[in-house]
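Text of input.cif (mmCIF, C-alpha atoms) as supplied:
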data_coords
loop_
_atom_site.label_atom_id
_atom_site.label_comp_id
_atom_site.auth_asym_id
_atom_site.auth_seq_id
_atom_site.Cartn_x
_atom_site.Cartn_y
_atom_site.Cartn_z
CA MET A 1 -65.55 1.21 -56.42
CA ASP A 2 -67.49 3.36 -58.86
CA PRO A 3 -64.98 4.47 -61.55
CA ASN A 4 -66.74 7.84 -61.53
CA TYR A 5 -64.89 8.44 -58.27
CA ILE A 6 -61.46 7.76 -59.79
CA SER A 7 -61.43 10.02 -62.85
CA PRO A 8 -61.87 13.18 -60.74
CA PHE A 9 -58.63 12.37 -58.90
CA ILE A 10 -56.77 11.85 -62.18
CA ALA A 11 -58.05 15.17 -63.53
CA SER A 12 -57.37 16.93 -60.23
CA VAL A 13 -53.78 15.73 -59.74
CA GLN A 14 -52.93 16.72 -63.31
CA ASN A 15 -54.58 20.09 -62.82
CA VAL A 16 -52.92 20.81 -59.45
CA PHE A 17 -49.45 19.69 -60.52
CA SER A 18 -49.55 21.54 -63.83
CA THR A 19 -50.93 24.80 -62.46
CA MET A 20 -49.13 24.91 -59.11
CA LEU A 21 -45.86 23.19 -60.01
CA HIS A 22 -45.74 23.38 -63.83
CA LEU A 23 -45.11 19.66 -63.58
CA PRO A 24 -47.07 17.45 -66.00
CA VAL A 25 -48.26 14.17 -64.45
CA GLU A 26 -48.40 10.99 -66.50
CA VAL A 27 -51.04 8.76 -64.94
CA GLY A 28 -50.75 4.97 -65.24
CA GLU A 29 -53.50 2.39 -65.11
CA PRO A 30 -55.39 2.58 -61.78
CA ASP A 31 -55.40 -0.76 -60.00
CA VAL A 32 -56.94 -2.35 -56.94
CA LYS A 33 -54.52 -2.28 -54.01
CA VAL A 34 -53.38 -5.73 -52.94
CA GLU A 35 -50.98 -6.96 -50.32
CA PRO A 36 -48.07 -6.78 -49.87
CA THR A 37 -48.43 -3.05 -50.18
CA PRO A 38 -45.55 -0.92 -51.36
CA THR A 39 -43.86 1.20 -48.75
CA PHE A 40 -43.23 4.91 -48.87
CA ASP A 41 -41.31 7.61 -47.06
CA VAL A 42 -43.78 10.50 -47.08
CA SER A 43 -47.58 10.26 -47.13
CA GLY A 44 -50.21 12.99 -47.08
CA ILE A 45 -53.54 11.63 -45.82
CA ILE A 46 -56.95 13.27 -45.91
CA GLY A 47 -60.40 12.06 -44.91
CA MET A 48 -63.68 12.55 -46.72
CA SER A 49 -67.08 12.48 -45.11
CA GLY A 50 -70.65 13.27 -46.07
CA ASP A 51 -72.34 11.55 -49.00
CA VAL A 52 -68.98 9.93 -49.76
CA THR A 53 -66.74 8.64 -46.98
CA GLY A 54 -63.21 7.38 -47.00
CA SER A 55 -59.70 8.60 -47.41
CA VAL A 56 -57.20 9.79 -49.97
CA VAL A 57 -53.45 9.28 -49.62
CA LEU A 58 -50.63 10.80 -51.68
CA SER A 59 -47.49 8.72 -51.07
CA PHE A 60 -44.01 9.66 -52.22
CA PRO A 61 -40.48 8.33 -51.99
CA LEU A 62 -38.49 10.91 -49.99
CA GLN A 63 -36.44 12.18 -52.95
CA THR A 64 -39.56 12.76 -55.02
CA ALA A 65 -41.30 14.54 -52.14
CA LEU A 66 -38.24 16.78 -51.61
CA ARG A 67 -38.15 17.72 -55.30
CA VAL A 68 -41.91 18.33 -55.51
CA VAL A 69 -42.01 20.41 -52.33
CA SER A 70 -38.98 22.45 -53.41
CA ILE A 71 -40.68 23.26 -56.72
CA PHE A 72 -43.90 24.11 -54.84
CA ALA A 73 -42.10 26.36 -52.36
CA GLY A 74 -39.75 27.88 -54.91
CA ALA A 75 -36.76 27.04 -52.69
CA GLU A 76 -34.97 24.03 -51.27
CA VAL A 77 -36.96 22.62 -48.34
CA SER A 78 -35.53 19.99 -45.97
CA GLU A 79 -37.79 17.20 -44.73
CA LYS A 80 -37.03 18.46 -41.21
CA SER A 81 -38.63 21.84 -41.91
CA PRO A 82 -42.23 22.34 -40.78
CA ASP A 83 -42.82 23.80 -44.26
CA PHE A 84 -42.15 20.37 -45.74
CA ALA A 85 -45.09 18.61 -44.05
CA ASP A 86 -47.24 21.67 -44.61
CA ALA A 87 -46.59 21.59 -48.34
CA VAL A 88 -47.30 17.86 -48.62
CA GLY A 89 -50.53 18.42 -46.68
CA GLU A 90 -51.49 21.29 -48.93
CA LEU A 91 -50.90 19.14 -52.03
CA VAL A 92 -53.20 16.33 -50.84
CA ASN A 93 -55.69 19.00 -49.76
CA MET A 94 -55.73 20.59 -53.21
CA VAL A 95 -55.88 17.29 -55.09
CA SER A 96 -58.74 16.01 -52.89
CA GLY A 97 -60.58 19.33 -52.89
CA GLY A 98 -60.36 19.52 -56.68
CA ALA A 99 -61.59 15.94 -57.04
CA LYS A 100 -64.55 16.33 -54.70
CA GLY A 101 -65.62 19.39 -56.68
CA MET A 102 -66.04 17.05 -59.64
CA PHE A 103 -68.28 14.55 -57.81
CA GLN A 104 -71.78 14.90 -59.25
CA ASN A 105 -74.45 16.09 -56.82
CA LYS A 106 -72.60 14.96 -53.71
CA LYS A 107 -72.12 16.87 -50.50
CA VAL A 108 -68.66 15.96 -49.27
CA ALA A 109 -66.43 17.58 -46.67
CA ILE A 110 -62.69 17.00 -46.41
CA SER A 111 -60.77 16.99 -43.15
CA CYS A 112 -57.45 18.61 -42.36
CA PRO A 113 -54.58 16.66 -43.92
CA ASN A 114 -52.17 14.55 -41.91
CA VAL A 115 -48.63 13.98 -43.06
CA VAL A 116 -46.61 10.92 -42.12
CA ILE A 117 -42.83 10.94 -42.51
CA GLY A 118 -40.76 7.82 -42.00
CA ALA A 119 -38.65 5.61 -44.22
CA GLY A 120 -40.51 2.60 -45.54
CA HIS A 121 -43.82 3.06 -43.78
CA MET A 122 -46.99 1.48 -45.09
CA VAL A 123 -50.48 2.92 -45.13
CA ALA A 124 -52.49 -0.19 -44.36
CA ARG A 125 -55.50 -1.01 -46.47
CA LEU A 126 -58.52 -1.50 -44.27
CA LYS A 127 -60.55 -4.61 -44.91
CA ASP A 128 -63.96 -4.09 -46.51
CA VAL A 129 -63.02 -0.69 -47.99
CA PRO A 130 -61.84 -1.08 -51.58
CA CYS A 131 -58.72 0.91 -52.37
CA ILE A 132 -57.64 2.00 -55.84
CA VAL A 133 -54.01 2.92 -56.48
CA ILE A 134 -53.35 5.51 -59.18
CA PRO A 135 -49.68 5.48 -60.26
CA CYS A 136 -48.31 8.89 -61.23
CA ALA A 137 -45.03 9.75 -62.95
CA THR A 138 -43.46 13.18 -63.23
CA ASP A 139 -40.06 14.60 -64.08
CA ALA A 140 -39.55 14.91 -60.31
CA GLY A 141 -40.17 11.19 -59.77
CA LYS A 142 -42.98 8.74 -59.24
CA PHE A 143 -45.70 8.77 -56.59
CA VAL A 144 -49.11 7.20 -56.05
CA ILE A 145 -52.59 8.34 -55.10
CA GLU A 146 -54.56 5.82 -53.06
CA VAL A 147 -58.29 6.37 -53.05
CA ALA A 148 -60.44 4.34 -50.64
CA ILE A 149 -63.87 5.93 -50.71
CA GLN A 150 -67.44 4.78 -50.99
CA GLU A 151 -70.91 6.26 -51.00
CA ARG A 152 -72.37 6.34 -47.55
CA PRO A 153 -75.14 3.78 -47.14
CA ALA A 154 -78.51 5.52 -46.97
CA ASN A 155 -79.12 4.06 -43.51
CA ALA A 156 -75.75 5.01 -42.06
CA GLY A 157 -77.17 7.70 -39.80
CA GLN A 158 -74.87 8.62 -36.97
CA VAL A 159 -72.77 5.49 -36.87
CA GLY A 160 -69.08 5.68 -37.71
CA ALA A 161 -68.02 5.28 -41.29
CA MET A 162 -66.25 2.02 -40.64
CA ALA A 163 -69.14 0.49 -38.74
CA ALA A 164 -71.35 1.53 -41.65
CA ALA A 165 -69.02 -0.14 -44.11
CA ARG A 166 -69.30 -3.37 -42.15
CA ALA A 167 -73.07 -3.23 -41.70
CA MET B 1 -57.53 24.92 -28.62
CA ASP B 2 -60.72 24.98 -26.58
CA PRO B 3 -60.18 22.56 -23.66
CA ASN B 4 -63.80 21.51 -24.08
CA TYR B 5 -62.56 19.57 -27.10
CA ILE B 6 -59.95 17.66 -25.09
CA SER B 7 -61.97 16.26 -22.20
CA PRO B 8 -64.29 14.29 -24.54
CA PHE B 9 -61.26 12.40 -25.86
CA ILE B 10 -60.07 11.60 -22.34
CA ALA B 11 -63.52 10.33 -21.37
CA SER B 12 -63.90 8.44 -24.64
CA VAL B 13 -60.55 6.62 -24.57
CA GLN B 14 -61.17 5.55 -20.98
CA ASN B 15 -64.65 4.39 -21.88
CA VAL B 16 -63.61 2.50 -25.04
CA PHE B 17 -60.58 0.81 -23.45
CA SER B 18 -62.44 -0.19 -20.28
CA THR B 19 -65.56 -1.50 -22.01
CA MET B 20 -63.96 -3.09 -25.10
CA LEU B 21 -60.63 -4.22 -23.65
CA HIS B 22 -61.21 -4.22 -19.88
CA LEU B 23 -58.05 -2.12 -19.82
CA PRO B 24 -58.10 0.95 -17.57
CA VAL B 25 -56.32 3.97 -19.06
CA GLU B 26 -54.37 6.37 -16.89
CA VAL B 27 -54.33 9.72 -18.64
CA GLY B 28 -51.43 12.13 -18.10
CA GLU B 29 -51.41 15.89 -18.47
CA PRO B 30 -52.36 16.93 -22.02
CA ASP B 31 -49.70 19.12 -23.60
CA VAL B 32 -49.17 21.14 -26.74
CA LYS B 33 -47.21 19.15 -29.30
CA VAL B 34 -43.79 20.61 -30.01
CA GLU B 35 -40.93 19.58 -32.22
CA PRO B 36 -39.04 17.35 -32.27
CA THR B 37 -42.03 15.07 -32.24
CA PRO B 38 -41.79 11.59 -30.83
CA THR B 39 -41.81 8.75 -33.32
CA PHE B 40 -44.13 5.75 -33.30
CA ASP B 41 -44.54 2.39 -34.99
CA VAL B 42 -48.31 2.20 -35.47
CA SER B 43 -50.71 5.13 -35.91
CA GLY B 44 -54.46 5.16 -36.46
CA ILE B 45 -55.54 8.43 -38.07
CA ILE B 46 -59.05 9.79 -38.55
CA GLY B 47 -60.36 13.06 -39.93
CA MET B 48 -63.19 15.21 -38.60
CA SER B 49 -65.21 17.63 -40.65
CA GLY B 50 -68.31 19.73 -40.24
CA ASP B 51 -68.61 22.31 -37.45
CA VAL B 52 -65.27 21.03 -36.14
CA THR B 53 -62.45 20.12 -38.53
CA GLY B 54 -59.15 18.43 -37.96
CA SER B 55 -57.71 15.07 -37.15
CA VAL B 56 -57.24 12.59 -34.37
CA VAL B 57 -54.30 10.20 -34.17
CA LEU B 58 -53.77 7.24 -31.85
CA SER B 59 -50.05 6.35 -31.91
CA PHE B 60 -48.53 3.24 -30.36
CA PRO B 61 -45.16 1.58 -30.04
CA LEU B 62 -45.42 -1.75 -31.89
CA GLN B 63 -45.35 -3.92 -28.75
CA THR B 64 -48.17 -1.93 -27.17
CA ALA B 65 -50.24 -2.08 -30.34
CA LEU B 66 -49.73 -5.84 -30.59
CA ARG B 67 -50.84 -6.33 -26.98
CA VAL B 68 -53.85 -4.01 -27.30
CA VAL B 69 -55.01 -5.56 -30.59
CA SER B 70 -54.59 -9.09 -29.23
CA ILE B 71 -56.75 -8.20 -26.24
CA PHE B 72 -59.29 -6.57 -28.57
CA ALA B 73 -59.38 -9.58 -30.92
CA GLY B 74 -59.23 -12.18 -28.15
CA ALA B 75 -56.33 -13.90 -29.91
CA GLU B 76 -52.73 -13.21 -30.91
CA VAL B 77 -52.67 -10.98 -34.00
CA SER B 78 -49.48 -10.36 -35.98
CA GLU B 79 -48.79 -6.89 -37.37
CA LYS B 80 -48.72 -8.53 -40.81
CA SER B 81 -52.37 -9.64 -40.52
CA PRO B 82 -55.00 -7.43 -42.15
CA ASP B 83 -56.93 -7.78 -38.88
CA PHE B 84 -54.19 -5.81 -37.13
CA ALA B 85 -54.66 -2.59 -39.10
CA ASP B 86 -58.40 -3.10 -39.01
CA ALA B 87 -58.42 -3.30 -35.22
CA VAL B 88 -56.23 -0.20 -34.82
CA GLY B 89 -58.54 1.66 -37.21
CA GLU B 90 -61.58 0.49 -35.28
CA LEU B 91 -60.04 1.74 -32.01
CA VAL B 92 -59.39 5.26 -33.33
CA ASN B 93 -62.87 5.17 -34.89
CA MET B 94 -64.51 4.31 -31.57
CA VAL B 95 -62.47 6.80 -29.55
CA SER B 96 -63.18 9.62 -32.04
CA GLY B 97 -66.82 8.68 -32.46
CA GLY B 98 -67.33 8.62 -28.70
CA ALA B 99 -65.62 11.97 -28.29
CA LYS B 100 -67.58 13.72 -31.03
CA GLY B 101 -70.79 12.50 -29.38
CA MET B 102 -69.77 14.60 -26.37
CA PHE B 103 -69.23 17.83 -28.35
CA GLN B 104 -72.04 20.21 -27.43
CA ASN B 105 -74.39 21.17 -30.27
CA LYS B 106 -71.90 20.43 -33.01
CA LYS B 107 -72.54 18.56 -36.25
CA VAL B 108 -69.36 16.62 -36.94
CA ALA B 109 -68.67 13.75 -39.33
CA ILE B 110 -65.70 11.42 -39.04
CA SER B 111 -63.95 9.86 -42.01
CA CYS B 112 -62.77 6.28 -42.43
CA PRO B 113 -59.63 5.63 -40.39
CA ASN B 114 -56.20 5.20 -41.94
CA VAL B 115 -53.56 3.09 -40.28
CA VAL B 116 -49.85 3.67 -40.78
CA ILE B 117 -47.36 0.94 -39.89
CA GLY B 118 -43.64 1.55 -39.94
CA ALA B 119 -40.91 1.67 -37.32
CA GLY B 120 -40.16 5.15 -36.09
CA HIS B 121 -42.49 7.14 -38.31
CA MET B 122 -43.65 10.60 -37.34
CA VAL B 123 -47.07 12.15 -37.86
CA ALA B 124 -46.07 15.70 -38.70
CA ARG B 125 -47.81 18.56 -36.98
CA LEU B 126 -49.16 20.97 -39.53
CA LYS B 127 -48.39 24.62 -38.97
CA ASP B 128 -51.29 26.82 -37.90
CA VAL B 129 -53.31 23.91 -36.52
CA PRO B 130 -52.71 23.52 -32.77
CA CYS B 131 -52.14 19.93 -31.70
CA ILE B 132 -52.68 18.60 -28.18
CA VAL B 133 -50.97 15.38 -27.11
CA ILE B 134 -52.77 13.28 -24.49
CA PRO B 135 -50.40 10.71 -22.94
CA CYS B 136 -52.08 7.43 -21.98
CA ALA B 137 -50.72 4.57 -19.89
CA THR B 138 -52.19 1.09 -19.59
CA ASP B 139 -51.04 -2.31 -18.37
CA ALA B 140 -50.42 -3.10 -22.06
CA GLY B 141 -48.07 -0.13 -22.45
CA LYS B 142 -48.13 3.55 -23.23
CA PHE B 143 -49.62 5.35 -26.21
CA VAL B 144 -50.72 8.86 -27.11
CA ILE B 145 -53.77 10.55 -28.58
CA GLU B 146 -52.99 13.58 -30.73
CA VAL B 147 -55.93 15.92 -31.25
CA ALA B 148 -55.56 18.72 -33.82
CA ILE B 149 -59.04 20.12 -34.30
CA GLN B 150 -60.66 23.53 -34.43
CA GLU B 151 -64.08 25.02 -34.96
CA ARG B 152 -64.67 25.85 -38.58
CA PRO B 153 -64.71 29.59 -39.19
CA ALA B 154 -68.25 30.76 -39.92
CA ASN B 155 -67.16 31.99 -43.37
CA ALA B 156 -65.34 28.80 -44.37
CA GLY B 157 -67.99 27.88 -46.93
CA GLN B 158 -66.76 25.34 -49.45
CA VAL B 159 -63.04 25.99 -49.16
CA GLY B 160 -60.78 23.27 -47.85
CA ALA B 161 -60.23 22.98 -44.14
CA MET B 162 -56.59 23.91 -44.40
CA ALA B 163 -57.19 26.93 -46.57
CA ALA B 164 -59.81 27.98 -44.05
CA ALA B 165 -57.34 27.61 -41.22
CA ARG B 166 -54.93 29.89 -43.05
CA ALA B 167 -57.48 32.52 -44.01
#
Spit out the file's structure as structure tokens when you get a sec.
Amino acid sequence: MDPNYISPFIASVQNVFSTMLHLPVEVGEPDVKVEPTPTFDVSGIIGMSGDVTGSVVLSFPLQTALRVVSIFAGAEVSEKSPDFADAVGELVNMVSGGAKGMFQNKKVAISCPNVVIGAGHMVARLKDVPCIVIPCATDAGKFVIEVAIQERPANAGQVGAMAAARA
Amino acid sequence: MDPNYISPFIASVQNVFSTMLHLPVEVGEPDVKVEPTPTFDVSGIIGMSGDVTGSVVLSFPLQTALRVVSIFAGAEVSEKSPDFADAVGELVNMVSGGAKGMFQNKKVAISCPNVVIGAGHMVARLKDVPCIVIPCATDAGKFVIEVAIQERPANAGQVGAMAAARA
């Protein structure tokens, strides 16, 4: 994957967490995701389409997600509250929206976020789509950003993103 | 949600499952998703953006997913194989791609699919985005399609889909 697509996510997560949560993020060395993948408890997932297609995932252990969301909301939020998933979705939305704004000369749209909650789930890496894991550490705990995006082939036309990736 | 956005998914899932898997799908009454949400073992998630934004989720119990993927692949596939997630992603890609082709006069792009694997996880419903659950029954077992999409407000401009939904 073009490293020019990774640095915007690093800048964006640091920007979002410091401005919205006053929580500095220490970013580790980004790495290619390999199996067996780590498992998480809470994942916010968002899709990108347009000149760049793929997906962005913010994955947290539950305790970290609870702390981050409580800081974001300014009050304790239980994982059973609808506000919890909403806040996780808003975080991945802001991080992805901020990053796409830094892509040079690309028209990219982001979809609504989805939030998955469940102890020890795994967001599977699709074959043929490279995925970069960006480890993040904060005072509220560790989490990761997984970025699996690529420029759309010029001839992709109306076919689905995955079919295009395989073409 | 406009029911004109639901019938394409019903037609598409029946078309994809009958042509690709020779597996007729009996579709139950679509319903608005309410809490507490059911939990699943395998979910394929895809985002839509453009004139229509939101997300589409195909969620299966593990045994159903294993049967469906094995029929799709023409061989037994374990949930630990990378082919398993790939096949689930391809199914949600085909169902969503087929459905968006039936939207009238709408320009819609779909993102790469994400696949979540984990016993008893829940794909949280975001507040403010209506979500319709379409129950599906096949000889390989039951699954659901969750459709949470909406037309993009005319003034949405470059803001994120979720921010637009809240505006």
List every residue of range 88-140 of chain A that has an atom at most 7 Å from any atom of range 6-28 of chain A, and for each one report the closest atom pair and its distance in Å to one decimal, counting only C-alpha atoms, with rows sorted by chain and then by increasing residue number, as JSON lines.
{"residue": "A:Met94", "atom": "CA", "partner": "A:Val16", "partner_atom": "CA", "distance": 6.8}
{"residue": "A:Val95", "atom": "CA", "partner": "A:Val13", "partner_atom": "CA", "distance": 5.3}
{"residue": "A:Gly98", "atom": "CA", "partner": "A:Ser12", "partner_atom": "CA", "distance": 5.3}
{"residue": "A:Ala99", "atom": "CA", "partner": "A:Pro8", "partner_atom": "CA", "distance": 4.6}
{"residue": "A:Met102", "atom": "CA", "partner": "A:Pro8", "partner_atom": "CA", "distance": 5.8}
{"residue": "A:Ile134", "atom": "CA", "partner": "A:Gly28", "partner_atom": "CA", "distance": 6.6}
{"residue": "A:Pro135", "atom": "CA", "partner": "A:Gly28", "partner_atom": "CA", "distance": 5.1}
{"residue": "A:Cys136", "atom": "CA", "partner": "A:Val27", "partner_atom": "CA", "distance": 4.6}
{"residue": "A:Ala137", "atom": "CA", "partner": "A:Glu26", "partner_atom": "CA", "distance": 5.0}
{"residue": "A:Thr138", "atom": "CA", "partner": "A:Val25", "partner_atom": "CA", "distance": 5.1}
Residues within 12 Å of Asp83 in chain A, only C-alpha atoms, excluding chain neighbours under 6 positions, as number ranges by chain: A: 66, 69-70, 72-77, 89-90, 115; B: 124-128
Expansion of the PyMOL selection byres ((chain A) within 9 of (chain B)) into residues, as an MDAnalysis selection string: chainID A and resid 39 41 45:50 53:55 82:83 85:86 89:90 93:94 97 109:127 129 148:149 158:163
Between CA of Ser59 in chain A and CA of Asp139 in chain A, what is the distance, to one decimal in Å?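 That distance, rounded to one decimal, is 16.1 Å.
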Please, which residues are within 6 Å of (-40.6, 16.8, -58.7) by the file's coordinates, counting all atoms listed in the file, and could they come as an NGL selection string? :A and (64 or 67-68 or 139-141)
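Atom to atom, CA of Val34 in chain B and CA of Val144 in chain B stand 13.9 Å apart.
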Please indicate the distance in Å from CA of Val92 in chain A to CA of Val133 in chain A, rounded to one decimal place. 14.6 Å
Can you pull out the residues contacting Cys131 in chain B? Cut-off 6 Å, using only C-alpha atoms, and skip same-chain residues under 4 positions away; I want them as a PDB file with C-alpha atoms, keeping the file's coordinate frame.
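In the end it all went to selection.pdb:
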ATOM      1  CA  VAL B  32     -49.170  21.140 -26.740  1.00  0.00           C
ATOM      2  CA  LYS B  33     -47.210  19.150 -29.300  1.00  0.00           C
ATOM      3  CA  VAL B 147     -55.930  15.920 -31.250  1.00  0.00           C
ATOM      4  CA  ALA B 148     -55.560  18.720 -33.820  1.00  0.00           C
TER       5      ALA B 148
END
Enclose range 114-132 of chain B, meaning all of its atoms listed in the file, in a box aligned along x, y and z, pad it by 4 Å on each side, and list the centre and edge lengths in Å to one decimal, as lines of an AutoDock Vina configuration file.
center_x = -48.2
center_y = 13.9
center_z = -35.1
size_x = 24.0
size_y = 33.9
size_z = 21.8
I need the residue set behind the PyMOL selection byres ((chain A and resi 1) around 7) for this file; please write it as a list of chain:residue names.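 Checked against the file, the PyMOL selection byres ((chain A and resi 1) around 7) matches A:Asp2, A:Pro3, A:Pro130, A:Gln150.
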